[in-house]
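A.B. asks: My structure is in work14.cif, and what it holds is mmCIF, C-alpha atoms and all ligand atoms:
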```cif
data_final
loop_
_atom_site.label_atom_id
_atom_site.label_comp_id
_atom_site.auth_asym_id
_atom_site.auth_seq_id
_atom_site.Cartn_x
_atom_site.Cartn_y
_atom_site.Cartn_z
CA MET B 19 117.46 89.13 111.02
CA ALA B 20 114.28 91.20 111.08
CA LEU B 21 111.24 89.84 109.24
CA LEU B 22 110.72 93.16 107.45
CA ASN B 23 113.29 95.82 106.70
CA LEU B 24 112.89 99.21 105.08
CA GLU B 25 116.19 100.90 104.28
CA ARG B 26 116.49 104.54 103.21
CA LEU B 27 113.12 104.26 101.52
CA HIS B 28 112.02 107.10 99.25
CA SER B 29 108.56 106.47 97.81
CA GLY B 30 105.34 108.15 96.77
CA TYR B 31 102.95 108.38 93.87
CA GLY B 32 103.92 109.33 90.32
CA LYS B 33 106.31 112.23 90.70
CA MET B 34 105.33 113.10 94.27
CA GLU B 35 107.70 111.86 96.95
CA VAL B 36 105.86 111.20 100.24
CA LEU B 37 108.44 109.23 102.23
CA HIS B 38 111.84 110.87 102.44
CA GLY B 39 114.27 108.15 103.50
CA ILE B 40 112.56 105.83 105.95
CA ASP B 41 114.41 103.19 107.98
CA LEU B 42 112.10 100.76 109.73
CA GLU B 43 112.24 97.16 110.87
CA VAL B 44 109.76 94.65 112.19
CA ARG B 45 111.18 91.66 114.05
CA ARG B 46 109.48 88.29 114.24
CA GLY B 47 106.71 88.15 116.85
CA GLU B 48 106.52 91.91 117.37
CA ILE B 49 103.63 94.30 117.10
CA VAL B 50 105.08 97.50 115.67
CA ALA B 51 102.95 100.65 115.49
CA ILE B 52 103.29 103.55 113.09
CA ILE B 53 101.65 106.67 114.44
CA GLY B 54 101.69 110.26 113.28
CA PRO B 55 99.49 113.12 112.13
CA ASN B 56 97.13 113.00 109.15
CA GLY B 57 98.97 113.03 105.86
CA ALA B 58 102.31 112.10 107.46
CA GLY B 59 102.64 109.17 105.06
CA LYS B 60 101.59 106.27 107.31
CA SER B 61 99.44 104.58 104.67
CA THR B 62 102.20 105.20 102.14
CA VAL B 63 104.52 103.06 104.26
CA SER B 64 102.10 100.12 104.04
CA ASN B 65 101.33 100.84 100.38
CA SER B 66 105.06 100.82 99.61
CA ILE B 67 105.56 97.46 101.33
CA VAL B 68 102.77 95.77 99.39
CA GLY B 69 103.73 97.27 96.03
CA MET B 70 100.94 99.85 95.84
CA ALA B 71 103.12 102.95 95.84
CA ASP B 72 106.10 103.90 93.68
CA VAL B 73 109.51 103.25 95.23
CA PHE B 74 112.07 105.82 94.02
CA SER B 75 115.07 104.53 95.95
CA GLY B 76 115.98 102.42 98.94
CA ARG B 77 115.21 98.80 99.67
CA ILE B 78 112.46 96.69 101.20
CA THR B 79 113.31 93.16 102.30
CA PHE B 80 110.87 90.63 103.68
CA ASP B 81 111.78 87.22 105.09
CA GLY B 82 115.11 87.33 103.30
CA PHE B 83 113.69 88.42 99.92
CA ASP B 84 114.21 91.77 98.26
CA ILE B 85 110.60 92.77 97.51
CA THR B 86 111.34 96.33 96.32
CA GLY B 87 109.20 96.99 93.26
CA MET B 88 107.73 93.48 93.21
CA PRO B 89 104.12 93.16 92.00
CA THR B 90 101.57 92.97 94.81
CA HIS B 91 100.45 89.38 94.15
CA LYS B 92 104.02 88.10 94.49
CA ILE B 93 104.50 89.98 97.76
CA VAL B 94 101.26 88.51 99.07
CA ASP B 95 102.43 85.02 98.02
CA LEU B 96 105.58 85.49 100.12
CA GLY B 97 103.39 85.84 103.21
CA ILE B 98 102.13 89.37 103.79
CA GLY B 99 98.47 89.92 104.66
CA TYR B 100 97.23 93.47 104.26
CA THR B 101 94.10 95.26 105.43
CA PRO B 102 93.89 98.63 103.67
CA GLN B 103 92.53 101.73 105.36
CA LEU B 104 89.60 102.14 102.97
CA ASN B 105 87.35 99.92 100.87
CA ASN B 106 88.71 96.76 102.41
CA VAL B 107 85.72 94.48 101.77
CA PHE B 108 83.55 93.88 98.72
CA GLN B 109 80.13 95.05 99.84
CA SER B 110 78.06 93.08 97.34
CA LEU B 111 79.92 89.80 97.88
CA SER B 112 79.01 87.52 100.76
CA VAL B 113 81.17 87.21 103.85
CA ARG B 114 82.29 83.78 102.65
CA GLU B 115 83.12 85.05 99.15
CA ASN B 116 85.20 87.85 100.69
CA LEU B 117 87.11 85.25 102.70
CA GLU B 118 87.65 83.13 99.57
CA LEU B 119 89.22 86.17 97.87
CA GLY B 120 91.79 86.20 100.66
CA LEU B 121 92.90 82.72 99.63
CA PHE B 122 94.14 83.97 96.22
CA ASN B 123 95.43 80.85 94.52
CA LEU B 124 95.60 78.65 97.61
CA LYS B 125 93.59 75.56 96.76
CA ASP B 126 94.32 73.22 99.64
CA ASP B 127 92.20 72.93 102.76
CA VAL B 128 89.82 75.72 101.72
CA GLU B 129 87.01 74.59 104.02
CA GLY B 130 89.40 74.10 106.94
CA ARG B 131 90.86 77.57 106.52
CA ILE B 132 87.43 79.21 106.34
CA LYS B 133 86.28 77.24 109.39
CA ARG B 134 89.35 78.19 111.46
CA VAL B 135 89.19 81.87 110.63
CA LEU B 136 85.46 81.99 111.45
CA GLU B 137 86.21 80.34 114.79
CA LEU B 138 88.39 83.33 115.56
CA PHE B 139 85.61 85.69 114.45
CA PRO B 140 82.34 84.10 115.64
CA GLU B 141 80.77 87.56 115.23
CA ILE B 142 80.63 87.04 111.46
CA ARG B 143 80.25 83.24 111.37
CA ASP B 144 76.46 83.28 111.33
CA LYS B 145 76.49 85.85 108.56
CA ALA B 146 78.75 83.90 106.21
CA GLY B 147 76.10 83.79 103.49
CA ARG B 148 75.02 87.41 103.79
CA PRO B 149 76.43 90.25 101.70
CA ALA B 150 79.20 92.20 103.45
CA ARG B 151 77.14 95.39 103.19
CA VAL B 152 74.77 94.18 105.94
CA LEU B 153 77.63 93.96 108.47
CA SER B 154 78.13 96.58 111.16
CA GLY B 155 81.30 98.69 110.97
CA GLY B 156 83.02 96.52 113.56
CA GLU B 157 82.00 93.29 111.85
CA ARG B 158 83.21 94.64 108.52
CA GLN B 159 86.66 95.36 109.97
CA MET B 160 86.70 91.85 111.42
CA LEU B 161 85.93 90.47 107.96
CA ALA B 162 88.73 92.57 106.47
CA VAL B 163 91.19 91.22 109.05
CA ALA B 164 89.88 87.67 108.63
CA ARG B 165 90.42 87.91 104.89
CA ALA B 166 93.97 89.14 105.40
CA ILE B 167 94.94 86.26 107.72
CA ILE B 168 93.09 83.37 106.04
CA SER B 169 96.14 82.59 103.92
CA GLU B 170 98.19 82.32 107.14
CA PRO B 171 100.70 85.07 106.34
CA LYS B 172 103.87 85.69 108.35
CA LEU B 173 103.24 89.43 108.56
CA LEU B 174 99.90 91.19 108.94
CA ILE B 175 99.71 94.87 108.02
CA LEU B 176 96.71 96.70 109.44
CA ASP B 177 96.01 100.25 108.27
CA GLU B 178 93.79 102.00 110.82
CA PRO B 179 91.69 98.97 111.69
CA THR B 180 89.75 100.79 114.42
CA ALA B 181 89.09 104.07 112.56
CA ALA B 182 85.40 105.02 112.62
CA LEU B 183 84.52 102.25 115.07
CA SER B 184 82.61 102.76 118.31
CA PRO B 185 84.80 102.42 121.43
CA LYS B 186 83.21 99.03 122.11
CA ALA B 187 83.78 97.71 118.58
CA ALA B 188 87.33 99.07 118.65
CA GLN B 189 87.96 97.28 121.94
CA SER B 190 86.81 93.92 120.59
CA LEU B 191 89.02 94.36 117.54
CA VAL B 192 91.98 95.15 119.78
CA LYS B 193 91.35 91.85 121.60
CA LYS B 194 91.34 90.01 118.26
CA ILE B 195 94.61 91.64 117.24
CA LEU B 196 96.20 90.38 120.46
CA GLU B 197 94.79 86.89 119.83
CA ILE B 198 96.25 86.96 116.32
CA ARG B 199 99.65 87.85 117.73
CA GLU B 200 99.36 84.92 120.17
CA MET B 201 98.87 82.70 117.10
CA GLY B 202 102.39 83.69 116.09
CA LEU B 203 101.77 86.43 113.56
CA THR B 204 103.96 89.50 113.38
CA ILE B 205 101.95 92.70 113.05
CA LEU B 206 102.61 96.14 111.61
CA LEU B 207 99.86 98.44 112.82
CA VAL B 208 99.11 101.87 111.41
CA GLU B 209 96.85 103.68 113.84
CA GLN B 210 95.44 107.18 114.38
CA ASN B 211 94.59 106.58 118.00
CA VAL B 212 97.93 107.05 119.74
CA ARG B 213 96.97 105.50 123.10
CA ARG B 214 95.39 102.47 121.47
CA ALA B 215 98.37 101.96 119.18
CA LEU B 216 100.97 102.29 121.91
CA GLY B 217 98.90 100.12 124.25
CA LEU B 218 98.98 97.32 121.69
CA ALA B 219 102.48 97.66 120.33
CA ASP B 220 105.92 96.57 121.50
CA ARG B 221 107.73 99.25 119.51
CA ALA B 222 106.57 102.36 117.74
CA TYR B 223 107.65 104.72 115.00
CA VAL B 224 106.36 108.28 114.88
CA LEU B 225 106.13 109.49 111.30
CA VAL B 226 105.98 113.23 110.65
CA GLY B 227 106.16 114.81 107.21
CA GLY B 228 107.37 111.61 105.58
CA LYS B 229 110.27 111.14 108.00
CA ILE B 230 110.75 109.08 111.15
CA ALA B 231 110.69 111.55 114.03
CA TYR B 232 111.02 108.91 116.77
CA GLU B 233 111.59 105.21 117.15
CA GLY B 234 111.43 103.32 120.40
CA ASP B 235 109.66 101.29 123.03
CA ALA B 236 105.89 101.79 122.77
CA LYS B 237 105.19 101.73 126.51
CA LYS B 238 107.98 104.21 127.19
CA LEU B 239 106.47 106.61 124.67
CA LEU B 240 103.01 106.05 126.12
CA GLY B 241 104.38 107.11 129.51
CA ASP B 242 105.90 110.30 128.13
CA PRO B 243 103.07 112.63 127.11
CA LEU B 244 105.41 115.60 126.81
CA LEU B 245 107.57 113.79 124.28
CA LEU B 246 104.46 112.72 122.35
CA GLU B 247 103.21 116.27 122.27
CA ARG B 248 106.56 117.55 121.08
CA LEU B 249 106.69 114.91 118.34
CA PHE B 250 103.17 115.61 117.13
CA PHE B 251 102.99 119.36 117.52
CA GLY B 252 106.59 120.56 117.33
CA VAL B 253 109.17 121.68 119.86
CA ASN B 254 107.34 124.75 121.10
CA ALA B 255 103.94 123.16 121.68
N1 LIG B 301 97.04 106.80 96.13
C1 LIG B 301 97.55 108.03 96.21
N2 LIG B 301 97.85 108.75 95.12
C2 LIG B 301 98.40 109.97 95.21
N3 LIG B 301 98.69 110.60 96.38
C3 LIG B 301 98.39 109.93 97.51
C4 LIG B 301 97.82 108.62 97.49
N4 LIG B 301 97.65 108.21 98.77
C5 LIG B 301 98.12 109.22 99.54
N5 LIG B 301 98.56 110.25 98.79
C6 LIG B 301 99.17 111.50 99.29
O1 LIG B 301 100.32 111.14 100.06
C7 LIG B 301 100.42 111.94 101.23
C8 LIG B 301 100.48 111.04 102.47
O2 LIG B 301 99.27 110.31 102.56
P1 LIG B 301 99.07 109.02 103.45
O3 LIG B 301 97.74 108.46 103.05
O4 LIG B 301 100.24 108.13 103.34
O5 LIG B 301 99.03 109.66 104.91
P2 LIG B 301 98.52 109.06 106.28
O6 LIG B 301 99.57 109.35 107.29
O7 LIG B 301 98.12 107.63 106.09
O8 LIG B 301 97.24 109.95 106.58
P3 LIG B 301 95.87 109.58 107.38
O9 LIG B 301 96.21 109.62 108.82
O10 LIG B 301 94.96 110.67 106.98
O11 LIG B 301 95.42 108.22 106.90
C9 LIG B 301 99.24 112.88 101.20
O12 LIG B 301 99.67 114.10 100.69
C10 LIG B 301 98.25 112.22 100.25
O13 LIG B 301 97.49 113.17 99.58
MG MG B 302 96.38 106.62 106.26
#
```
Have the structure of the file written as structure tokens, please.
Ligand SMILES: Nc1ncnc2c1ncn2[C@@H]1O[C@H](COP(=O)(O)OP(=O)(O)OP(=O)(O)O)[C@@H](O)[C@H]1O
Ligand SMILES: [Mg+2]

C.D. replies:
Amino acid sequence: MALLNLERLHSGYGKMEVLHGIDLEVRRGEIVAIIGPNGAGKSTVSNSIVGMADVFSGRITFDGFDITGMPTHKIVDLGIGYTPQLNNVFQSLSVRENLELGLFNLKDDVEGRIKRVLELFPEIRDKAGRPARVLSGGERQMLAVARAIISEPKLLILDEPTAALSPKAAQSLVKKILEIREMGLTILLVEQNVRRALGLADRAYVLVGGKIAYEGDAKKLLGDPLLLERLFFGVNA
């Protein structure tokens, strides 16, 4: 059984439907990428999973639980870590305080968890007492990812983790994502940069206009530029 399953999902915001019947699954140990043009609904997929969009019909199951319409904190408790696309750290709080927020109501082994996650991100270890606003863009994304994994979730959802980063900072984040997968986490990655996403992922979904236009092996898609072009720009491109 897949770790995460979206079945015929229709969701959006208020009265506006953004996703028009999405079927998507993430199996244990996979990195699955969602790519697609701006406004296709990629962030709405992750928002729907974590209870931050309105589900109109369809079903979302995670680790055997039906999480459709569940409040966000309960979904997080079941083991989903989420790094949103925007505003993903509290600028005025220290790096350490941001990490503590990622623990929610976990009270055991707080120091051990903070220590382990900072070992994975030595880039921000020496800045643990500084406010997040003094971090570079790359360091800030690392903090956002660190906060999402500190509770040791089963699934990590990353929404455009490398957006607005320099190529070098993006590359070091990509290395971290691969390390996190080696630790046994399953990852759902929303990414603008098609090559980067497909390079990282095992499988990919191309989302266009709130529908899945393609699903398949990431490397196969990466090796088929004509197909990619057709998916992104239409049949006659
Ligand atoms: N919180 C929200 N409230 C209302 N409408 C929203 C909200 N977030 C997104 N939308 C709308 O939903 C549609 C899809 O947006 P979404 O953010 O899911 O696209 P995306 O594929 O992530 O785009 P991008 O690549 O620009 O991040 C857009 O029309 C957008 O205006
Ligand atoms: Mg988005």

A.B. asks: With 9 Å as the threshold, what does the neighbourhood of (99.6, 93.5, 108.0) contain in terms of residues, counting all atoms listed in the file? Coordinates are those of the file; answer as an NGL selection string.

C.D. replies: :B and (64 or 98-102 or 163 or 166-167 or 171-177 or 204-207)

A.B. asks: Here is a test: counting only C-alpha atoms and all ligand atoms, which residue of B:Asp235, B:Glu209, B:Glu247, B:Asp81 is nearest to ligand MG 302 (chain B)?

C.D. replies: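 Counting only C-alpha atoms and all ligand atoms, the residue closest to ligand MG 302 (chain B) is B:Glu209.
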
A.B. asks: Considering only C-alpha atoms, return as number ranges by chain whatever protein or nucleic-acid residues lie within 10 Å of Leu249 in chain B, sequence-local ones (same chain, fewer than 6 positions apart) excluded.

C.D. replies: B: 54-55, 224-226, 231-232, 243, 255

A.B. asks: Please identify all protein, DNA and RNA residues within 8 Å of ligand MG 302 (chain B), counting only C-alpha atoms and all ligand atoms, and report them as a ChimeraX atom specification.

C.D. replies: /B:56-57,59-62,103,177-178,208

A.B. asks: Would you mind telling me which residue in B:Glu118, B:Asp144, B:Asp242, B:Asp127 lies nearest to Ala164 in chain B when using only C-alpha atoms?

C.D. replies: B:Glu118

A.B. asks: Taking 5 positions as the minimum chain separation for residues in the same chain, which residues sit within 8 Å of range 28-34 of chain B when counting only C-alpha atoms? Answer as a list in words.

C.D. replies: Gly39, Ile40, Thr62, Ser66, Ala71, Asp72, Val73, Phe74, Ser75 and Gly76 of chain B

A.B. asks: For a quick check of understanding, using all atoms listed in the file, which of B:Leu37, B:Ile195, B:Pro89, B:Val135 has the smallest distance to ligand LIG 301 (chain B)?

C.D. replies: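 That would be B:Leu37, the residue with the smallest distance to ligand LIG 301 (chain B).
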
A.B. asks: Point out the residue among B:Ile53, B:Val68, B:Ile78, B:Ala150 with the least atom-to-atom distance to ligand LIG 301 (chain B), counting all atoms listed in the file.

C.D. replies: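 Selected residue with least distance to ligand LIG 301 (chain B): B:Ile53.
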
A.B. asks: Pick out the closest residue to Leu239 in chain B from this set: B:Ile85, B:Leu161, B:Ala51, B:Ala181. Count all atoms listed in the file.

C.D. replies: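 Ranked by minimum distance to Leu239 in chain B, first place goes to B:Ala51.
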
A.B. asks: Hey, can I get the axis-aligned box for range 78-96 of chain B? All listed atoms, 8 Å padding on each side, centre and edge lengths in Å to one decimal, as lines of an AutoDock Vina configuration file.

C.D. replies:
```
center_x = 107.8
center_y = 91.0
center_z = 98.5
size_x = 30.7
size_y = 28.0
size_z = 29.1
```

A.B. asks: CA of Arg131 in chain B and CA of Arg143 in chain B are how many Å apart?

C.D. replies: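 The value is 13.0 Å.
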
A.B. asks: In terms of the shortest atom-to-atom distance over all atoms listed in the file, which of B:Arg221, B:Arg46, B:His38, B:Arg151 is closest to ligand LIG 301 (chain B)?

C.D. replies: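 Closest candidate: B:His38.
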
A.B. asks: Env of Val113 in chain B: 8 Å cut, atoms = all atoms listed in the file, seq-sep filter 5 positions within chain, self excluded. Answer as a VMD selection string.

C.D. replies: chain B and resid 142 145 to 150 161

A.B. asks: For atom O1 of ligand LIG 301 (chain B) and CA of Ile230 in chain B, determine how far apart the two atoms are, in Å to one decimal place.

C.D. replies: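 Pair atom O1 of ligand LIG 301 (chain B) / CA of Ile230 in chain B returns 15.4 Å.
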
A.B. asks: Find the distance between CA of Val94 in chain B and CA of Met70 in chain B and write it in Å to one decimal.

C.D. replies: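 If I compute the distance from CA of Val94 in chain B to CA of Met70 in chain B, I get 11.8 Å.
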
A.B. asks: Residues at most 12 Å from Asp84 in chain B, counting only C-alpha atoms, excluding those fewer than 3 positions away in the same chain, as JSON, numbers by chain?

C.D. replies: {"B": [21, 22, 23, 24, 25, 67, 76, 77, 78, 79, 80, 81, 87, 88, 89, 92, 93, 96]}

A.B. asks: Please return range 176-200 of chain B, rebuilt to N, CA, C and O atoms, as a PDB file, in the coordinates of the input.

C.D. replies:
```
ATOM      1  N   LEU B 176      98.039  96.159 109.193  1.00  0.00           N
ATOM      2  CA  LEU B 176      96.710  96.700 109.440  1.00  0.00           C
ATOM      3  C   LEU B 176      96.774  98.217 109.337  1.00  0.00           C
ATOM      4  O   LEU B 176      97.512  98.852 110.088  1.00  0.00           O
ATOM      5  N   ASP B 177      96.015  98.793 108.408  1.00  0.00           N
ATOM      6  CA  ASP B 177      96.010 100.250 108.270  1.00  0.00           C
ATOM      7  C   ASP B 177      94.742 100.818 108.897  1.00  0.00           C
ATOM      8  O   ASP B 177      93.658 100.708 108.331  1.00  0.00           O
ATOM      9  N   GLU B 178      94.897 101.395 110.067  1.00  0.00           N
ATOM     10  CA  GLU B 178      93.790 102.000 110.820  1.00  0.00           C
ATOM     11  C   GLU B 178      92.583 101.086 110.967  1.00  0.00           C
ATOM     12  O   GLU B 178      91.469 101.449 110.570  1.00  0.00           O
ATOM     13  N   PRO B 179      92.800  99.922 111.584  1.00  0.00           N
ATOM     14  CA  PRO B 179      91.690  98.970 111.690  1.00  0.00           C
ATOM     15  C   PRO B 179      90.546  99.470 112.568  1.00  0.00           C
ATOM     16  O   PRO B 179      89.414  99.046 112.385  1.00  0.00           O
ATOM     17  N   THR B 180      90.828 100.367 113.507  1.00  0.00           N
ATOM     18  CA  THR B 180      89.750 100.790 114.420  1.00  0.00           C
ATOM     19  C   THR B 180      89.170 102.153 114.057  1.00  0.00           C
ATOM     20  O   THR B 180      88.303 102.656 114.772  1.00  0.00           O
ATOM     21  N   ALA B 181      89.625 102.747 112.942  1.00  0.00           N
ATOM     22  CA  ALA B 181      89.090 104.070 112.560  1.00  0.00           C
ATOM     23  C   ALA B 181      87.583 103.958 112.343  1.00  0.00           C
ATOM     24  O   ALA B 181      87.100 102.985 111.780  1.00  0.00           O
ATOM     25  N   ALA B 182      86.846 104.930 112.816  1.00  0.00           N
ATOM     26  CA  ALA B 182      85.400 105.020 112.620  1.00  0.00           C
ATOM     27  C   ALA B 182      84.609 103.951 113.369  1.00  0.00           C
ATOM     28  O   ALA B 182      83.430 103.772 113.135  1.00  0.00           O
ATOM     29  N   LEU B 183      85.263 103.228 114.278  1.00  0.00           N
ATOM     30  CA  LEU B 183      84.520 102.250 115.070  1.00  0.00           C
ATOM     31  C   LEU B 183      84.106 102.858 116.409  1.00  0.00           C
ATOM     32  O   LEU B 183      84.789 103.735 116.942  1.00  0.00           O
ATOM     33  N   SER B 184      83.006 102.346 116.962  1.00  0.00           N
ATOM     34  CA  SER B 184      82.610 102.760 118.310  1.00  0.00           C
ATOM     35  C   SER B 184      83.685 102.258 119.280  1.00  0.00           C
ATOM     36  O   SER B 184      84.395 101.300 118.972  1.00  0.00           O
ATOM     37  N   PRO B 185      83.796 102.885 120.460  1.00  0.00           N
ATOM     38  CA  PRO B 185      84.800 102.420 121.430  1.00  0.00           C
ATOM     39  C   PRO B 185      84.660 100.926 121.727  1.00  0.00           C
ATOM     40  O   PRO B 185      85.661 100.220 121.861  1.00  0.00           O
ATOM     41  N   LYS B 186      83.433 100.441 121.790  1.00  0.00           N
ATOM     42  CA  LYS B 186      83.210  99.030 122.110  1.00  0.00           C
ATOM     43  C   LYS B 186      83.703  98.125 120.968  1.00  0.00           C
ATOM     44  O   LYS B 186      84.404  97.138 121.195  1.00  0.00           O
ATOM     45  N   ALA B 187      83.348  98.501 119.741  1.00  0.00           N
ATOM     46  CA  ALA B 187      83.780  97.710 118.580  1.00  0.00           C
ATOM     47  C   ALA B 187      85.303  97.757 118.453  1.00  0.00           C
ATOM     48  O   ALA B 187      85.949  96.752 118.139  1.00  0.00           O
ATOM     49  N   ALA B 188      85.877  98.935 118.723  1.00  0.00           N
ATOM     50  CA  ALA B 188      87.330  99.070 118.650  1.00  0.00           C
ATOM     51  C   ALA B 188      87.989  98.164 119.677  1.00  0.00           C
ATOM     52  O   ALA B 188      88.984  97.493 119.398  1.00  0.00           O
ATOM     53  N   GLN B 189      87.403  98.112 120.883  1.00  0.00           N
ATOM     54  CA  GLN B 189      87.960  97.280 121.940  1.00  0.00           C
ATOM     55  C   GLN B 189      87.936  95.804 121.570  1.00  0.00           C
ATOM     56  O   GLN B 189      88.897  95.077 121.802  1.00  0.00           O
ATOM     57  N   SER B 190      86.821  95.355 120.952  1.00  0.00           N
ATOM     58  CA  SER B 190      86.810  93.920 120.590  1.00  0.00           C
ATOM     59  C   SER B 190      87.801  93.627 119.479  1.00  0.00           C
ATOM     60  O   SER B 190      88.400  92.551 119.458  1.00  0.00           O
ATOM     61  N   LEU B 191      88.021  94.590 118.586  1.00  0.00           N
ATOM     62  CA  LEU B 191      89.020  94.360 117.540  1.00  0.00           C
ATOM     63  C   LEU B 191      90.433  94.312 118.121  1.00  0.00           C
ATOM     64  O   LEU B 191      91.255  93.496 117.713  1.00  0.00           O
ATOM     65  N   VAL B 192      90.677  95.162 119.104  1.00  0.00           N
ATOM     66  CA  VAL B 192      91.980  95.150 119.780  1.00  0.00           C
ATOM     67  C   VAL B 192      92.242  93.763 120.398  1.00  0.00           C
ATOM     68  O   VAL B 192      93.342  93.213 120.289  1.00  0.00           O
ATOM     69  N   LYS B 193      91.204  93.186 121.019  1.00  0.00           N
ATOM     70  CA  LYS B 193      91.350  91.850 121.600  1.00  0.00           C
ATOM     71  C   LYS B 193      91.694  90.814 120.534  1.00  0.00           C
ATOM     72  O   LYS B 193      92.535  89.935 120.744  1.00  0.00           O
ATOM     73  N   LYS B 194      91.056  90.951 119.375  1.00  0.00           N
ATOM     74  CA  LYS B 194      91.340  90.010 118.260  1.00  0.00           C
ATOM     75  C   LYS B 194      92.782  90.167 117.784  1.00  0.00           C
ATOM     76  O   LYS B 194      93.452  89.182 117.487  1.00  0.00           O
ATOM     77  N   ILE B 195      93.236  91.403 117.714  1.00  0.00           N
ATOM     78  CA  ILE B 195      94.610  91.640 117.240  1.00  0.00           C
ATOM     79  C   ILE B 195      95.604  90.958 118.183  1.00  0.00           C
ATOM     80  O   ILE B 195      96.562  90.335 117.750  1.00  0.00           O
ATOM     81  N   LEU B 196      95.321  91.044 119.496  1.00  0.00           N
ATOM     82  CA  LEU B 196      96.200  90.380 120.460  1.00  0.00           C
ATOM     83  C   LEU B 196      96.131  88.862 120.316  1.00  0.00           C
ATOM     84  O   LEU B 196      97.148  88.173 120.412  1.00  0.00           O
ATOM     85  N   GLU B 197      94.931  88.338 120.058  1.00  0.00           N
ATOM     86  CA  GLU B 197      94.790  86.890 119.830  1.00  0.00           C
ATOM     87  C   GLU B 197      95.586  86.451 118.606  1.00  0.00           C
ATOM     88  O   GLU B 197      96.221  85.395 118.597  1.00  0.00           O
ATOM     89  N   ILE B 198      95.542  87.276 117.559  1.00  0.00           N
ATOM     90  CA  ILE B 198      96.250  86.960 116.320  1.00  0.00           C
ATOM     91  C   ILE B 198      97.763  86.933 116.566  1.00  0.00           C
ATOM     92  O   ILE B 198      98.481  86.088 116.061  1.00  0.00           O
ATOM     93  N   ARG B 199      98.226  87.855 117.376  1.00  0.00           N
ATOM     94  CA  ARG B 199      99.650  87.850 117.730  1.00  0.00           C
ATOM     95  C   ARG B 199     100.019  86.571 118.499  1.00  0.00           C
ATOM     96  O   ARG B 199     101.057  85.962 118.251  1.00  0.00           O
ATOM     97  N   GLU B 200      99.116  86.156 119.406  1.00  0.00           N
ATOM     98  CA  GLU B 200      99.360  84.920 120.170  1.00  0.00           C
ATOM     99  C   GLU B 200      99.480  83.720 119.234  1.00  0.00           C
ATOM    100  O   GLU B 200     100.156  82.748 119.541  1.00  0.00           O
TER     101      GLU B 200
END
```
